[in-house]
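Encoded as structure tokens, the structure appears first; notes follow it.
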Amino acid sequence: MKISKYNKILTLENGKKIIFNSMSCALTEANDDFLKVLNKIDLIKYEELEERKKELLDKMLLDNYIIQDYVDEMKLIKYKHFSAKYDKESINVTIAPTLMCNFECPYCFETPQKWIMKEDVIEGILNILSEAIKRGKNIRLVWYGGEPLIAIDVIYKISNRIIQMCDNNDTRISAFLVTNGYLLTDEIIKKLKICRVTGAQITLDGPPDVHNSRRKLKGNNDGTFDVILNNIKRMGDNGITPSIRINIDKTNTNRVEELLDILARNGLKSFPVDFGQISSLTEACASISETCLNTREYAAQTLNYQNILHNHGFDILTTSYYPRTRTNYCIAHSVSSIIIDPRGFMYKCWNDIGNEDKAVGNVVRSEDTIPDEKMYFRNIEHILKSPFNYKECIDCFLLPICMGGCPYNEGMLEETPNCEPWKYNLDDVLKLTYLQKGNISRDTAMRTDYI
């Protein structure tokens with residue numbers, strides 16, 4: 001046996017040592033027995049150990065603090081990365097039935113288009129997915145927009161057909177919704193459940209005055225906060241798990257605690273809370289660049305948010321503040337993932353949706369199918385992107401939890417990796433997490449985000 005190269009040992013103010021492994025995301029106290037194993041691993045003969053020490057080694061192996069001699073961790077990371085990149089067992093499809101929206105948020109990166117998906121596009125999507133389902137692929141859907149609930153009938157029509165095909169071919173289907181939450185009604189929630197939607201991302205950007213100044217109805221100054229808050233509760237009561245998204249920039253970073261206090265008072269502490277760093281990624285949102293936090297600034301804020309979440313009784317392990325392992329950074333790196341807009345154009349990155357110059361195909365063109373070598377070629381830069389192209393990534397302890405960062409930003413940063421906030425705050429996050437939660441095993445840490 002040998003020591004993992006992805007261990008990080010930290011010392012707390014009280015002198016206690018803790019250890020984190022970025023391959024498993026396990027976190028535990030490194031007591032004297034633990035440290036003795038690390039220091040004498042070359043001399044240890046497992047079969048000669050007493051039962052108590054065997055149990056300690058078994059736990060350390062499980063959490064990846066020590067590994068078998070034959071394990072090459074870099075090769076293992078590469079294997080998982082490329083296996084996921086070229087996996088064809090499932091197909092991940094993000095569908096925007098419309099790019100119209102009932103909101104006008106100042107940081108929106110999309111250019112609104114007055115299209116609702118028509119029958120030829122619907123049939124094109126169904127034809128592509130039918131072929132995938134016949135080949136035994138499992139289907140993971142994300143409904144996106146614009147505001148997708150504007151086109152709930154399209155969602156309902158496509159879902160019913162896909163569900164029927166999956167059931168007939170004994171393949172699995174799961175679905176997730178990204179929505180502003182304003183249009184949710186009991187009737188729509190009932191339809192979403194029929195469409196097998198099990199979770200949804202819904203945004204609240206602060207307490208009512210902050211949220212209402214940012215998440216506005218088009219042509220209407222009526223506040224949206226109270227409606228969305230009630231709809232979050234309505235969705236949770238009906239068995240669909242809402243993930244509450246809070247988009248952060250310089251204008252609302254000091255108002256987060258007020259929002260979390262409201263969520264706690266309304267019985268929403270059991271739902272995931274996810275914070276997003278607002279960035280001026282496209283020309284459509286370039287006007288807000290001065291209010292954006294850079295990654296270092298954003299990383300500094302997350303420690304404060306972690307404390308606030310904990311103090312209000314939220315489980316920080318369901319938020320974005322505890323690291324998780326990645327095989328690829330996002331769906332843009334996978335050959336089996338695609339985003340489809342209302343006109344049938346297909347993309348690899350959510351940031352490109354509606355920009356037809358960035359499309360890799362169209363579902364209504366007979367020559368465009370999934371998977372398809374032509375599509376891979378059109379998307380070759382995304383597919384070939386890899387953290388192993390960068391020496392700084394290969395040598396980095398953070399590689400298993402970062403994987404080089406957002407590939408969209410890589411192109412904007414002259415082919416350099418776009419490091420995650422962990423680069424600036426991981427040590428402090430781990431210390432704080434241990435004080436709040438104690439030991440975290442691989443089984444607890446190895447969570448998977450839907451998107």
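Residue numbering restarts at 1 for every chain of the structure tokens, chains are lettered A, B, ... in their displayed order, and ligands are numbered from 1 as they appear.
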Counting only C-alpha atoms, give me one row per residue of segment 79-140 of chain A with an atom at most 12 Å from an atom of segment 231-247 of chain A, showing the shortest contact pair and its distance in Å to one decimal, sorted by chain then residue number, as a tab-separated table.
```
residue	atom	partner	partner_atom	distance
A:Cys105	CA	A:Asn247	CA	11.1
A:Pro106	CA	A:Asn247	CA	11.6
A:Tyr107	CA	A:Asn247	CA	9.4
A:Cys108	CA	A:Asn247	CA	10.9
```
Would you tabulate, counting only C-alpha atoms, all residues of segment 46-113 of chain A that have an atom at most 12 Å from an atom of segment 310-331 of chain A, showing the closest pair of atoms and their distance in Å to one decimal, sorted by chain then ascending number, as JSON lines?
```
{"residue": "A:Leu76", "atom": "CA", "partner": "A:Thr327", "partner_atom": "CA", "distance": 10.4}
{"residue": "A:Ile77", "atom": "CA", "partner": "A:Thr327", "partner_atom": "CA", "distance": 7.4}
{"residue": "A:Lys78", "atom": "CA", "partner": "A:Thr327", "partner_atom": "CA", "distance": 8.4}
{"residue": "A:Tyr79", "atom": "CA", "partner": "A:Thr327", "partner_atom": "CA", "distance": 9.0}
{"residue": "A:Lys80", "atom": "CA", "partner": "A:Thr327", "partner_atom": "CA", "distance": 5.8}
{"residue": "A:His81", "atom": "CA", "partner": "A:Thr327", "partner_atom": "CA", "distance": 4.6}
{"residue": "A:Phe82", "atom": "CA", "partner": "A:Thr327", "partner_atom": "CA", "distance": 8.0}
{"residue": "A:Ser83", "atom": "CA", "partner": "A:Thr327", "partner_atom": "CA", "distance": 8.5}
{"residue": "A:Ala84", "atom": "CA", "partner": "A:Thr327", "partner_atom": "CA", "distance": 6.4}
{"residue": "A:Lys85", "atom": "CA", "partner": "A:Asn328", "partner_atom": "CA", "distance": 6.9}
{"residue": "A:Tyr86", "atom": "CA", "partner": "A:Asn328", "partner_atom": "CA", "distance": 10.7}
{"residue": "A:Asp87", "atom": "CA", "partner": "A:Thr327", "partner_atom": "CA", "distance": 11.3}
{"residue": "A:Ile91", "atom": "CA", "partner": "A:Ile331", "partner_atom": "CA", "distance": 10.3}
{"residue": "A:Asn92", "atom": "CA", "partner": "A:Ile331", "partner_atom": "CA", "distance": 7.9}
{"residue": "A:Val93", "atom": "CA", "partner": "A:Ile331", "partner_atom": "CA", "distance": 9.5}
{"residue": "A:Thr94", "atom": "CA", "partner": "A:Ile331", "partner_atom": "CA", "distance": 9.8}
```
Using only C-alpha atoms, which residue out of A:Asn31, A:Asn180, A:Ser4, A:Gln113 lies closest to Asp341 of chain A?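 Using only C-alpha atoms, Asp341 of chain A sits closest to A:Gln113.
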Run DSSP on the backbone of this structure and report the residues of segment 14-187 of chain A it assigns to strand (DSSP E), as JSON, numbers by chain. {"A": [17, 18, 19, 20, 21, 26, 27, 28, 29, 66, 67, 90, 91, 92, 93, 94, 95, 138, 139, 140, 141, 142, 143, 173, 174, 175, 176, 177, 178, 179]}
Residue list (helix (DSSP H, G or I), DSSP) for segment 194-343 of chain A, as a ChimeraX atom specification: /A:194,208-214,225-237,253-265,283-291,295-311,316-318,331-333
For Thr171 of chain A, please output as a PyMOL selection string all residues within 12 Å (counting only C-alpha atoms; exclusion window: fewer than 4 positions along the same chain). chain A and resi 89-91+129-130+132-140+162-167
Atom CA of Cys402 of chain A sits from atom CA of Val142 of chain A at a separation of 23.0 Å
